[in-house]
$ cat coords_27.tsv   # TSV, C-alpha atoms
chain	number	residue	atom	x	y	z
A	1	MET	CA	-144.63	-94.63	1.66
A	2	ALA	CA	-147.71	-96.74	0.94
A	3	ARG	CA	-150.85	-94.81	-0.02
A	4	PHE	CA	-153.19	-97.07	1.98
A	5	LEU	CA	-153.15	-98.52	5.48
A	6	VAL	CA	-154.98	-101.73	6.41
A	7	ILE	CA	-155.49	-102.35	10.13
A	8	GLY	CA	-156.41	-105.85	11.20
A	9	ASP	CA	-155.61	-109.29	12.52
A	10	LEU	CA	-152.68	-110.78	10.56
A	11	ASN	CA	-152.76	-114.11	12.40
A	12	PRO	CA	-152.73	-117.25	10.21
A	13	PRO	CA	-156.14	-117.99	8.63
A	14	ARG	CA	-157.95	-120.94	10.22
A	15	SER	CA	-160.33	-121.57	7.32
A	16	PRO	CA	-160.77	-120.59	3.65
A	17	VAL	CA	-163.10	-117.73	4.68
A	18	ASP	CA	-161.01	-116.51	7.61
A	19	ARG	CA	-159.20	-113.15	7.33
A	20	LEU	CA	-160.75	-112.34	3.94
A	21	ASP	CA	-160.99	-108.71	5.06
A	22	ILE	CA	-157.19	-108.67	5.06
A	23	ARG	CA	-156.65	-110.93	2.07
A	24	ILE	CA	-158.46	-108.70	-0.41
A	25	PHE	CA	-155.67	-106.13	0.09
A	26	LEU	CA	-152.68	-108.48	-0.17
A	27	TYR	CA	-152.34	-107.98	-3.91
A	28	HIS	CA	-152.27	-104.18	-3.92
A	29	PRO	CA	-148.71	-102.78	-4.09
A	30	ASP	CA	-149.53	-99.55	-2.24
A	31	VAL	CA	-150.82	-101.09	1.01
A	32	GLU	CA	-149.13	-101.13	4.42
A	33	PHE	CA	-150.43	-103.34	7.24
A	34	LEU	CA	-150.84	-102.72	10.96
A	35	HIS	CA	-151.22	-105.91	13.01
A	36	THR	CA	-153.93	-105.94	15.72
A	37	GLY	CA	-153.93	-109.67	16.38
A	38	SER	CA	-152.73	-111.69	19.34
A	39	ASP	CA	-150.09	-113.85	17.63
A	40	GLN	CA	-147.63	-113.62	14.75
A	41	ASP	CA	-148.28	-111.40	11.72
A	42	VAL	CA	-148.14	-114.32	9.30
A	43	LEU	CA	-150.78	-113.45	6.71
A	44	ALA	CA	-149.01	-110.17	5.89
A	45	LYS	CA	-146.04	-108.52	7.54
A	46	GLN	CA	-146.07	-105.32	9.54
A	47	THR	CA	-142.84	-103.72	8.39
A	48	ARG	CA	-142.52	-100.77	10.79
A	49	PRO	CA	-143.10	-100.14	14.50
A	50	THR	CA	-146.74	-99.58	15.47
A	51	ARG	CA	-146.03	-96.13	16.89
A	52	ASP	CA	-144.54	-94.91	13.60
A	53	ILE	CA	-147.49	-96.23	11.57
A	54	VAL	CA	-150.07	-94.67	13.91
A	55	ASN	CA	-148.26	-91.31	13.86
A	56	ASP	CA	-148.25	-91.33	10.04
A	57	ALA	CA	-151.97	-92.16	10.03
A	58	LEU	CA	-152.75	-89.30	12.40
A	59	ASN	CA	-150.64	-86.91	10.33
A	60	GLY	CA	-152.55	-87.65	7.12
A	61	LYS	CA	-149.80	-89.55	5.33
A	62	PHE	CA	-152.16	-92.31	4.10
A	63	GLU	CA	-154.78	-91.55	1.48
A	64	LEU	CA	-157.20	-94.15	2.88
A	65	ILE	CA	-157.28	-96.33	5.99
A	66	PHE	CA	-159.20	-99.63	6.06
A	67	ALA	CA	-160.27	-101.22	9.34
A	68	ALA	CA	-160.52	-105.02	9.22
A	69	HIS	CA	-161.27	-107.42	12.09
A	70	ASN	CA	-159.65	-106.27	15.31
A	71	SER	CA	-158.92	-108.82	18.05
A	72	PHE	CA	-159.02	-106.30	20.87
A	73	PRO	CA	-161.67	-107.44	23.42
A	74	TYR	CA	-164.22	-104.66	23.08
A	75	PRO	CA	-167.11	-104.59	25.60
A	76	ASN	CA	-170.10	-106.72	24.68
A	77	PRO	CA	-173.35	-104.92	25.66
A	78	ARG	CA	-175.11	-108.26	26.04
A	79	LYS	CA	-172.76	-109.20	28.89
A	80	SER	CA	-172.32	-107.73	32.34
A	81	ARG	CA	-169.62	-105.20	33.15
A	82	ALA	CA	-167.90	-107.76	35.35
A	83	LYS	CA	-167.67	-110.30	32.52
A	84	ASN	CA	-166.48	-107.69	30.07
A	85	TYR	CA	-163.80	-106.48	32.46
A	86	ALA	CA	-162.67	-110.02	33.25
A	87	ASN	CA	-162.41	-110.84	29.54
A	88	LEU	CA	-160.42	-107.67	28.88
A	89	VAL	CA	-157.93	-108.40	31.67
A	90	TRP	CA	-157.57	-112.05	30.70
A	91	GLN	CA	-156.98	-111.33	27.00
A	92	VAL	CA	-154.48	-108.54	27.65
A	93	LEU	CA	-152.55	-110.66	30.16
A	94	ARG	CA	-152.34	-113.44	27.58
A	95	HIS	CA	-151.49	-111.11	24.70
A	96	PRO	CA	-150.01	-107.77	25.91
A	97	ASN	CA	-149.46	-106.58	22.33
A	98	LEU	CA	-153.24	-106.14	21.99
A	99	LEU	CA	-152.86	-102.89	23.92
A	100	THR	CA	-150.50	-101.43	21.32
A	101	GLY	CA	-152.01	-102.52	18.03
A	102	GLY	CA	-155.58	-103.12	19.15
A	103	ARG	CA	-156.56	-99.61	20.26
A	104	PHE	CA	-156.13	-97.70	17.02
A	105	PRO	CA	-157.54	-94.10	17.25
A	106	TYR	CA	-160.21	-94.56	14.56
A	107	SER	CA	-162.10	-91.43	15.59
A	108	GLN	CA	-159.14	-89.24	14.63
A	109	VAL	CA	-158.84	-90.44	11.01
A	110	GLY	CA	-162.55	-90.66	10.12
A	111	SER	CA	-162.37	-88.58	6.93
A	112	ARG	CA	-160.19	-91.28	5.35
A	113	LEU	CA	-161.53	-94.38	7.11
A	114	ALA	CA	-163.49	-97.39	5.79
A	115	GLY	CA	-164.45	-100.68	7.45
A	116	VAL	CA	-164.53	-104.22	6.03
A	117	ASP	CA	-166.66	-106.89	7.74
A	118	MET	CA	-166.48	-110.34	6.10
A	119	ALA	CA	-168.28	-112.17	8.94
A	120	ASP	CA	-171.04	-114.60	7.98
A	121	ARG	CA	-173.65	-113.04	10.28
A	122	PRO	CA	-176.03	-110.37	8.95
A	123	VAL	CA	-175.87	-108.15	12.05
A	124	VAL	CA	-173.16	-105.52	12.48
A	125	ASP	CA	-171.49	-106.37	15.77
A	126	ASN	CA	-171.41	-103.61	18.40
A	127	ARG	CA	-167.63	-103.64	18.39
A	128	TRP	CA	-167.78	-101.92	15.00
A	129	PHE	CA	-169.97	-99.02	16.13
A	130	SER	CA	-167.24	-96.60	17.18
A	131	MET	CA	-165.41	-97.11	13.91
A	132	LEU	CA	-168.67	-97.08	11.92
A	133	ASP	CA	-169.62	-93.68	13.32
A	134	ASN	CA	-166.34	-92.22	12.07
A	135	CYS	CA	-165.85	-93.97	8.72
A	136	VAL	CA	-166.76	-93.06	5.14
A	137	CYS	CA	-167.89	-96.51	3.97
A	138	PHE	CA	-168.52	-99.84	5.67
A	139	PHE	CA	-168.27	-102.91	3.44
A	140	LYS	CA	-170.32	-105.85	4.74
A	141	ARG	CA	-170.48	-109.32	3.24
A	142	GLU	CA	-173.89	-110.45	4.57
A	143	LEU	CA	-175.67	-107.12	4.17
A	144	PRO	CA	-179.45	-107.67	4.56
A	145	VAL	CA	-181.78	-106.60	1.76
A	146	ASN	CA	-183.39	-104.33	4.36
A	147	PRO	CA	-180.28	-102.68	5.85
A	148	CYS	CA	-182.21	-101.83	9.05
A	149	ASN	CA	-181.97	-105.53	9.90
A	150	ALA	CA	-178.19	-105.20	10.13
A	151	PHE	CA	-178.71	-103.52	13.52
A	152	LEU	CA	-181.44	-105.65	15.08
A	153	TYR	CA	-180.90	-106.41	18.80
A	154	THR	CA	-177.68	-104.40	18.92
A	155	THR	CA	-179.22	-102.09	21.53
A	156	PRO	CA	-182.20	-102.41	23.92
A	157	ARG	CA	-184.27	-100.21	21.57
A	158	THR	CA	-183.58	-102.06	18.33
A	159	GLU	CA	-185.70	-105.13	18.90
A	160	ASP	CA	-187.59	-104.28	15.71
A	161	ASN	CA	-186.37	-102.56	12.58
A	162	GLY	CA	-188.95	-99.79	12.94
A	163	ASN	CA	-186.93	-98.31	15.79
A	164	VAL	CA	-183.78	-98.58	13.68
A	165	LEU	CA	-185.46	-96.74	10.83
A	166	VAL	CA	-186.46	-93.68	12.89
A	167	SER	CA	-183.14	-93.33	14.72
A	168	GLU	CA	-180.90	-90.58	13.32
A	169	VAL	CA	-177.82	-92.45	14.54
A	170	PHE	CA	-178.75	-95.59	12.64
A	171	GLN	CA	-179.85	-93.62	9.59
A	172	ARG	CA	-176.33	-92.21	9.34
A	173	ARG	CA	-174.83	-95.68	9.78
A	174	ILE	CA	-177.10	-97.25	7.16
A	175	LYS	CA	-175.98	-94.73	4.52
A	176	LYS	CA	-172.41	-95.96	4.93
A	177	LEU	CA	-173.16	-99.65	4.30
A	178	ARG	CA	-171.87	-101.24	1.10
A	179	PRO	CA	-172.11	-104.87	-0.11
A	180	ILE	CA	-169.02	-106.95	-0.83
A	181	SER	CA	-168.59	-110.56	-1.93
A	182	LEU	CA	-166.45	-113.38	-0.58
A	183	GLY	CA	-164.72	-113.64	-3.92
A	184	ILE	CA	-161.97	-116.08	-4.78
A	185	ASN	CA	-158.23	-116.35	-4.19
A	186	PRO	CA	-156.45	-115.14	-7.34
A	187	GLU	CA	-153.59	-117.56	-6.69
A	188	ILE	CA	-155.73	-120.52	-7.80
A	189	CYS	CA	-157.20	-118.74	-10.83
A	190	PRO	CA	-154.43	-119.33	-13.41
A	191	GLU	CA	-154.60	-123.11	-12.98
A	192	TYR	CA	-158.30	-123.75	-12.46
A	193	SER	CA	-159.75	-121.11	-14.77
A	194	LYS	CA	-158.11	-122.99	-17.66
A	195	LEU	CA	-159.30	-126.40	-16.47
A	196	GLU	CA	-160.97	-128.18	-19.40
A	197	MET	CA	-162.77	-131.38	-18.47
A	198	PRO	CA	-165.58	-133.26	-20.24
A	199	LYS	CA	-168.97	-132.99	-18.56
A	200	LYS	CA	-169.84	-136.29	-16.88
A	201	THR	CA	-172.51	-135.35	-14.35
A	202	ASP	CA	-175.66	-133.28	-14.41
A	203	VAL	CA	-175.49	-131.94	-10.84
A	204	PHE	CA	-172.65	-132.08	-8.29
A	205	PHE	CA	-172.78	-131.32	-4.58
A	206	ALA	CA	-170.22	-131.78	-1.81
A	207	GLY	CA	-171.05	-130.60	1.67
A	208	ASP	CA	-172.63	-131.16	5.05
A	209	VAL	CA	-176.41	-131.22	5.47
A	210	GLU	CA	-176.61	-132.00	9.19
A	211	ASN	CA	-178.67	-129.42	11.12
A	212	LYS	CA	-179.22	-127.48	7.88
A	213	PRO	CA	-182.92	-127.87	6.95
A	214	ASN	CA	-182.59	-125.93	3.69
A	215	ARG	CA	-179.83	-128.27	2.50
A	216	LEU	CA	-181.60	-131.40	3.63
A	217	ALA	CA	-184.73	-130.45	1.67
A	218	GLY	CA	-182.66	-129.81	-1.43
A	219	LEU	CA	-180.70	-133.02	-1.04
A	220	LYS	CA	-183.91	-135.04	-1.03
A	221	GLN	CA	-184.90	-133.44	-4.33
A	222	LEU	CA	-181.52	-134.28	-5.86
A	223	GLN	CA	-181.87	-137.86	-4.71
A	224	ARG	CA	-185.27	-138.09	-6.40
A	225	LEU	CA	-183.75	-136.70	-9.59
A	226	ALA	CA	-181.12	-139.43	-9.44
A	227	GLU	CA	-183.88	-142.03	-9.16
A	228	GLN	CA	-185.40	-140.54	-12.32
A	229	GLY	CA	-182.21	-141.15	-14.26
A	230	LEU	CA	-180.22	-137.91	-13.97
A	231	VAL	CA	-176.52	-138.22	-13.17
A	232	ILE	CA	-176.23	-136.73	-9.68
A	233	ASP	CA	-172.84	-136.69	-7.92
A	234	ILE	CA	-173.22	-136.20	-4.14
A	235	LEU	CA	-170.41	-136.24	-1.58
A	236	ARG	CA	-171.04	-135.85	2.13
A	237	ASP	CA	-167.39	-136.07	3.26
A	238	LYS	CA	-164.65	-133.48	2.91
A	239	ILE	CA	-162.35	-133.91	-0.05
A	240	PRO	CA	-159.15	-132.11	-1.15
A	241	ARG	CA	-159.70	-128.83	-2.97
A	242	ASP	CA	-158.17	-130.13	-6.21
A	243	GLU	CA	-160.59	-133.06	-6.34
A	244	PHE	CA	-163.51	-130.81	-5.40
A	245	LEU	CA	-162.78	-128.33	-8.18
A	246	ARG	CA	-162.28	-131.07	-10.75
A	247	ARG	CA	-165.60	-132.66	-9.88
A	248	CYS	CA	-167.22	-129.24	-10.12
A	249	ALA	CA	-165.70	-128.87	-13.59
A	250	GLN	CA	-167.16	-132.24	-14.66
A	251	ALA	CA	-170.70	-131.12	-13.80
A	252	TYR	CA	-173.06	-128.93	-15.78
A	253	ILE	CA	-174.57	-127.64	-12.54
A	254	VAL	CA	-173.05	-127.31	-9.04
A	255	TRP	CA	-175.58	-127.05	-6.22
A	256	SER	CA	-174.46	-124.22	-3.91
A	257	PRO	CA	-176.98	-123.79	-1.07
A	258	GLU	CA	-176.73	-121.31	1.76
A	259	GLY	CA	-174.44	-122.25	4.64
A	260	LEU	CA	-173.77	-120.05	7.67
A	261	GLY	CA	-174.31	-117.10	5.35
A	262	TRP	CA	-175.89	-116.70	1.93
A	263	GLU	CA	-172.50	-115.88	0.39
A	264	CYS	CA	-170.57	-119.08	-0.21
A	265	LEU	CA	-167.14	-119.79	-1.69
A	266	ARG	CA	-168.77	-122.56	-3.72
A	267	HIS	CA	-170.65	-119.95	-5.79
A	268	TYR	CA	-167.34	-118.61	-7.09
A	269	GLU	CA	-165.38	-121.87	-7.20
A	270	ALA	CA	-168.01	-123.51	-9.40
A	271	ALA	CA	-167.98	-120.51	-11.74
A	272	LEU	CA	-164.16	-120.47	-11.85
A	273	VAL	CA	-164.06	-123.95	-13.39
A	274	GLY	CA	-166.82	-123.23	-15.89
A	275	SER	CA	-169.83	-124.78	-14.18
A	276	VAL	CA	-173.18	-123.16	-13.37
A	277	PRO	CA	-173.85	-122.62	-9.65
A	278	LEU	CA	-177.39	-123.46	-8.52
A	279	ILE	CA	-178.06	-121.00	-5.68
A	280	GLN	CA	-180.89	-120.24	-3.28
A	281	SER	CA	-182.75	-117.01	-4.03
A	282	PRO	CA	-180.69	-114.12	-2.59
A	283	THR	CA	-181.40	-112.85	0.91
A	284	ILE	CA	-178.70	-110.15	0.93
A	285	GLN	CA	-177.58	-107.14	-1.06
A	286	ARG	CA	-174.89	-108.25	-3.50
A	287	TYR	CA	-171.92	-106.60	-5.17
A	288	ARG	CA	-171.71	-107.26	-8.93
A	289	PRO	CA	-174.13	-110.18	-8.59
A	290	LEU	CA	-174.13	-113.37	-10.61
A	291	GLU	CA	-177.26	-113.04	-12.74
A	292	ASP	CA	-179.97	-115.71	-12.89
A	293	GLY	CA	-180.06	-117.31	-16.35
A	294	GLU	CA	-176.79	-115.67	-17.39
A	295	HIS	CA	-174.15	-116.86	-14.91
A	296	ALA	CA	-176.15	-118.95	-12.44
A	297	LEU	CA	-179.49	-120.58	-11.64
A	298	PHE	CA	-181.54	-119.40	-8.66
A	299	TYR	CA	-184.26	-121.40	-6.93
A	300	TYR	CA	-186.75	-120.91	-4.12
A	301	ILE	CA	-186.69	-123.26	-1.15
A	302	GLU	CA	-190.48	-123.74	-1.23
A	303	GLY	CA	-191.90	-126.87	-2.82
A	304	ASP	CA	-189.96	-128.59	-5.60
A	305	HIS	CA	-188.66	-125.48	-7.29
A	306	LEU	CA	-185.09	-126.79	-7.21
A	307	THR	CA	-186.25	-129.88	-9.13
A	308	SER	CA	-188.06	-127.86	-11.79
A	309	ARG	CA	-185.10	-125.51	-12.29
A	310	VAL	CA	-182.70	-128.40	-12.77
A	311	LYS	CA	-184.96	-130.23	-15.21
A	312	GLU	CA	-185.63	-127.10	-17.21
A	313	ALA	CA	-181.94	-126.16	-17.42
A	314	LEU	CA	-180.80	-129.63	-18.47
A	315	GLN	CA	-183.04	-129.52	-21.50
A	316	ASN	CA	-180.34	-127.34	-23.07
A	317	ARG	CA	-176.94	-128.55	-21.91
A	318	ALA	CA	-175.15	-126.50	-24.56
A	319	ARG	CA	-176.62	-123.37	-23.00
A	320	LEU	CA	-175.34	-124.46	-19.58
A	321	VAL	CA	-171.82	-124.73	-21.01
A	322	GLU	CA	-172.14	-121.18	-22.35
A	323	MET	CA	-173.38	-119.95	-18.97
A	324	GLY	CA	-170.47	-121.64	-17.21
A	325	CYS	CA	-168.00	-119.85	-19.49
A	326	ALA	CA	-169.76	-116.52	-18.89
A	327	ALA	CA	-169.71	-117.11	-15.12
A	328	ARG	CA	-165.97	-117.82	-15.19
A	329	GLU	CA	-165.17	-114.61	-17.07
A	330	PHE	CA	-167.47	-112.63	-14.78
A	331	ILE	CA	-165.87	-113.70	-11.51
A	332	LEU	CA	-162.34	-113.32	-12.90
A	333	LYS	CA	-163.22	-109.71	-13.72
A	334	TRP	CA	-165.11	-108.71	-10.57
A	335	HIS	CA	-164.70	-111.26	-7.77
A	336	THR	CA	-161.05	-112.15	-7.25
A	337	HIS	CA	-159.63	-110.86	-3.97
A	338	GLU	CA	-157.49	-108.48	-6.00
A	339	ALA	CA	-160.57	-107.06	-7.74
A	340	LEU	CA	-162.43	-106.70	-4.43
A	341	GLY	CA	-159.54	-104.74	-2.94
A	342	ARG	CA	-159.70	-102.35	-5.90
A	343	TYR	CA	-163.46	-102.04	-5.45
A	344	ALA	CA	-163.11	-101.10	-1.77
A	345	ILE	CA	-160.55	-98.43	-2.62
A	346	GLU	CA	-162.44	-96.96	-5.56
A	347	GLU	CA	-165.84	-96.99	-3.84
A	348	THR	CA	-164.38	-95.19	-0.83
A	349	ARG	CA	-162.78	-92.61	-3.12
A	350	ARG	CA	-166.07	-92.18	-4.98
A	351	THR	CA	-167.99	-91.68	-1.73
A	352	LEU	CA	-165.45	-89.15	-0.47
A	353	ALA	CA	-165.79	-87.17	-3.71
A	354	GLU	CA	-169.59	-87.37	-3.53
A	355	ASN	CA	-169.59	-86.17	0.08
A	356	ALA	CA	-167.30	-83.29	-0.82
A	357	THR	CA	-169.64	-82.22	-3.64
A	358	SER	CA	-172.66	-82.40	-1.33
A	359	ASN	CA	-170.93	-80.27	1.28
A	360	ARG	CA	-170.20	-77.58	-1.31
A	361	ILE	CA	-173.81	-77.33	-2.44
$ encode --input "coords_27.tsv" --output "structure tokens"
Amino acid sequence: MARFLVIGDLNPPRSPVDRLDIRIFLYHPDVEFLHTGSDQDVLAKQTRPTRDIVNDALNGKFELIFAAHNSFPYPNPRKSRAKNYANLVWQVLRHPNLLTGGRFPYSQVGSRLAGVDMADRPVVDNRWFSMLDNCVCFFKRELPVNPCNAFLYTTPRTEDNGNVLVSEVFQRRIKKLRPISLGINPEICPEYSKLEMPKKTDVFFAGDVENKPNRLAGLKQLQRLAEQGLVIDILRDKIPRDEFLRRCAQAYIVWSPEGLGWECLRHYEAALVGSVPLIQSPTIQRYRPLEDGEHALFYYIEGDHLTSRVKEALQNRARLVEMGCAAREFILKWHTHEALGRYAIEETRRTLAENATSNRI
């Protein structure tokens, strides 16, 4: 029997950042999956009946249990009871299997339970609270620097983080929070980590800037740098991944501004191909962070700081090549999905051991 159980939505991913909570466990040989989604278990296969898996979980036959995104329509406290009830009935009528896989008894396996939230919003959604109150660790991608902010507006009393701070319930929840990165798919690493291409551009960026003020401000600075003679490669349209990664590899620096969340796949993709990501100053707690001046360049959004960082860095292009190589080795060690799955397992084990020691004292 597998040593670990992962409970979550195994529906097909809709985007490169969809279902990452599941994907970080795909490469571990000792993991079994329980499907809580509405459609086919395509991403990974559930190999046994739900009832058998749940019984084994309740009887302590898994060392650790990880809760990923669950598609069951939990009540939303910001909506009326009538709307919540209507949504529940509608979703269950459309997908009856949500009743079997979606209502896992998290409260009965809390001593071995951990949660994984890869959503791009910094607030912990209320649907996680029941599981969070029973788990050992809760891994969150966009974990605010001040963890109190992860619970803002989740209840009528948490309209400011001062109320979060003095609440015993939220104090217990905050202690369980752990950062985790988006990471990178290990399946593309063998090919692109060995990609050797001559540097042709100083800075490369591909992405949308519409309705993103931080990106628009940075884009204007890059355009001014181009007017001053630097080789700036800017693409506003979507391009195939292979072309994107090759153009990253051709650049000394890849601009990687914040999108819906501070964490961005571009941070890790640029590093994978040996380029230096140029990233906004961090707004979240990070796991094994890329270091400014060693693996990446960080800039502030105020003024022309992006411009000054680029100009300063390009004075030593040989150093940028060294940084790109260091960044590639760093993410291959710590930030592949495989590595992140190991981190979640080992950190949960470490916390369990620490809690056991504290209880004995």
$ closest_residue --input "coords_27.tsv" --among "A:Leu332, A:Ile345, A:Leu143, A:Leu352" --to "Phe4 (chain A)" --atoms "all atoms listed in the file"
A:Ile345
$ atom_distance --input "coords_27.tsv" --atom1 "CA of Leu219 (chain A)" --atom2 "CA of Glu258 (chain A)"
12.7 Å
$ closest_residue --input "coords_27.tsv" --among "A:Ile184, A:Cys135, A:Ala119, A:Leu10" --to "Gly341 (chain A)" --atoms "all atoms listed in the file"
A:Ile184
$ residues_around --input "coords_27.tsv" --residues "region 111-113 of chain A" --least-positions-apart "3" --cutoff "6 Å" --atoms "all atoms listed in the file" --output "PyMOL selection string"
chain A and resi 64-66+135-136
$ closest_residue --input "coords_27.tsv" --among "A:Tyr343, A:Phe129, A:Trp255, A:Phe72" --to "Ile24 (chain A)" --atoms "all atoms listed in the file"
A:Tyr343
$ atom_distance --input "coords_27.tsv" --atom1 "CA of Thr50 (chain A)" --atom2 "CA of Val17 (chain A)"
26.7 Å
$ closest_atom_pairs --input "coords_27.tsv" --of "region 207-259 of chain A" --to "region 296-306 of chain A" --cutoff "9 Å" --atoms "all atoms listed in the file" --output "CSV"
residue,atom,partner,partner_atom,distance
A:Asn214,CA,A:Ile301,CA,6.9
A:Ala217,CA,A:Ile301,CA,8.0
A:Gly218,CA,A:Leu306,CA,7.0
A:Gln221,CA,A:Asp304,CA,7.1
A:Leu222,CA,A:Leu306,CA,8.4
A:Ile253,CA,A:Leu297,CA,8.7
$ closest_residue --input "coords_27.tsv" --among "A:Arg157, A:Ala82, A:Leu320, A:Thr307" --to "Gln228 (chain A)" --atoms "only C-alpha atoms"
A:Thr307
$ residues_around --input "coords_27.tsv" --residues "Gly37 (chain A)" --least-positions-apart "3" --cutoff "7 Å" --atoms "all atoms listed in the file" --output "list in words"
Gly8, Asp9, Leu10, Asn11, Asn70, Ser71 and Leu98 of chain A
$ closest_residue --input "coords_27.tsv" --among "A:Val6, A:Ile279, A:Ala57, A:Ile188" --to "Arg241 (chain A)" --atoms "all atoms listed in the file"
A:Ile188
$ atom_distance --input "coords_27.tsv" --atom1 "CA of Thr283 (chain A)" --atom2 "CA of Pro240 (chain A)"
29.5 Å
$ closest_residue --input "coords_27.tsv" --among "A:Tyr268, A:Phe205, A:Trp262, A:Phe33" --to "Ile239 (chain A)" --atoms "only C-alpha atoms"
A:Phe205
$ build_atoms --input "coords_27.tsv" --residues "region 162-182 of chain A" --atoms "N, CA and C atoms" --output "PDB file, in the coordinates of the input"
ATOM      1  N   GLY A 162    -188.294-101.086  12.938  1.00  0.00           N
ATOM      2  CA  GLY A 162    -188.950 -99.790  12.940  1.00  0.00           C
ATOM      3  C   GLY A 162    -188.206 -98.778  13.781  1.00  0.00           C
ATOM      4  N   ASN A 163    -187.704 -99.201  14.941  1.00  0.00           N
ATOM      5  CA  ASN A 163    -186.930 -98.310  15.790  1.00  0.00           C
ATOM      6  C   ASN A 163    -185.599 -97.935  15.147  1.00  0.00           C
ATOM      7  N   VAL A 164    -185.023 -98.882  14.398  1.00  0.00           N
ATOM      8  CA  VAL A 164    -183.780 -98.580  13.680  1.00  0.00           C
ATOM      9  C   VAL A 164    -184.044 -97.493  12.653  1.00  0.00           C
ATOM     10  N   LEU A 165    -185.148 -97.637  11.941  1.00  0.00           N
ATOM     11  CA  LEU A 165    -185.460 -96.740  10.830  1.00  0.00           C
ATOM     12  C   LEU A 165    -185.627 -95.290  11.264  1.00  0.00           C
ATOM     13  N   VAL A 166    -186.186 -95.053  12.454  1.00  0.00           N
ATOM     14  CA  VAL A 166    -186.460 -93.680  12.890  1.00  0.00           C
ATOM     15  C   VAL A 166    -185.320 -93.071  13.699  1.00  0.00           C
ATOM     16  N   SER A 167    -184.266 -93.836  13.935  1.00  0.00           N
ATOM     17  CA  SER A 167    -183.140 -93.330  14.720  1.00  0.00           C
ATOM     18  C   SER A 167    -182.166 -92.593  13.798  1.00  0.00           C
ATOM     19  N   GLU A 168    -181.838 -91.348  14.132  1.00  0.00           N
ATOM     20  CA  GLU A 168    -180.900 -90.580  13.320  1.00  0.00           C
ATOM     21  C   GLU A 168    -179.514 -91.223  13.322  1.00  0.00           C
ATOM     22  N   VAL A 169    -179.131 -91.790  14.451  1.00  0.00           N
ATOM     23  CA  VAL A 169    -177.820 -92.450  14.540  1.00  0.00           C
ATOM     24  C   VAL A 169    -177.745 -93.605  13.547  1.00  0.00           C
ATOM     25  N   PHE A 170    -178.775 -94.449  13.546  1.00  0.00           N
ATOM     26  CA  PHE A 170    -178.750 -95.590  12.640  1.00  0.00           C
ATOM     27  C   PHE A 170    -178.971 -95.184  11.190  1.00  0.00           C
ATOM     28  N   GLN A 171    -179.699 -94.111  10.957  1.00  0.00           N
ATOM     29  CA  GLN A 171    -179.850 -93.620   9.590  1.00  0.00           C
ATOM     30  C   GLN A 171    -178.493 -93.236   9.012  1.00  0.00           C
ATOM     31  N   ARG A 172    -177.670 -92.582   9.811  1.00  0.00           N
ATOM     32  CA  ARG A 172    -176.330 -92.210   9.340  1.00  0.00           C
ATOM     33  C   ARG A 172    -175.482 -93.453   9.092  1.00  0.00           C
ATOM     34  N   ARG A 173    -175.613 -94.453   9.954  1.00  0.00           N
ATOM     35  CA  ARG A 173    -174.830 -95.680   9.780  1.00  0.00           C
ATOM     36  C   ARG A 173    -175.267 -96.442   8.534  1.00  0.00           C
ATOM     37  N   ILE A 174    -176.574 -96.510   8.307  1.00  0.00           N
ATOM     38  CA  ILE A 174    -177.100 -97.250   7.160  1.00  0.00           C
ATOM     39  C   ILE A 174    -176.571 -96.685   5.844  1.00  0.00           C
ATOM     40  N   LYS A 175    -176.447 -95.366   5.753  1.00  0.00           N
ATOM     41  CA  LYS A 175    -175.980 -94.730   4.520  1.00  0.00           C
ATOM     42  C   LYS A 175    -174.545 -95.124   4.174  1.00  0.00           C
ATOM     43  N   LYS A 176    -173.811 -95.598   5.164  1.00  0.00           N
ATOM     44  CA  LYS A 176    -172.410 -95.960   4.930  1.00  0.00           C
ATOM     45  C   LYS A 176    -172.238 -97.416   4.485  1.00  0.00           C
ATOM     46  N   LEU A 177    -173.276 -98.223   4.590  1.00  0.00           N
ATOM     47  CA  LEU A 177    -173.160 -99.650   4.300  1.00  0.00           C
ATOM     48  C   LEU A 177    -173.004 -99.908   2.804  1.00  0.00           C
ATOM     49  N   ARG A 178    -172.101-100.841   2.473  1.00  0.00           N
ATOM     50  CA  ARG A 178    -171.870-101.240   1.100  1.00  0.00           C
ATOM     51  C   ARG A 178    -171.741-102.761   1.048  1.00  0.00           C
ATOM     52  N   PRO A 179    -172.283-103.411   0.006  1.00  0.00           N
ATOM     53  CA  PRO A 179    -172.110-104.870  -0.110  1.00  0.00           C
ATOM     54  C   PRO A 179    -170.718-105.223  -0.622  1.00  0.00           C
ATOM     55  N   ILE A 180    -170.273-106.415  -0.297  1.00  0.00           N
ATOM     56  CA  ILE A 180    -169.020-106.950  -0.830  1.00  0.00           C
ATOM     57  C   ILE A 180    -169.140-108.472  -0.867  1.00  0.00           C
ATOM     58  N   SER A 181    -168.474-109.102  -1.802  1.00  0.00           N
ATOM     59  CA  SER A 181    -168.590-110.560  -1.930  1.00  0.00           C
ATOM     60  C   SER A 181    -167.414-111.259  -1.254  1.00  0.00           C
ATOM     61  N   LEU A 182    -167.554-112.573  -1.077  1.00  0.00           N
ATOM     62  CA  LEU A 182    -166.450-113.380  -0.580  1.00  0.00           C
ATOM     63  C   LEU A 182    -165.323-113.443  -1.605  1.00  0.00           C
TER      64      LEU A 182
END
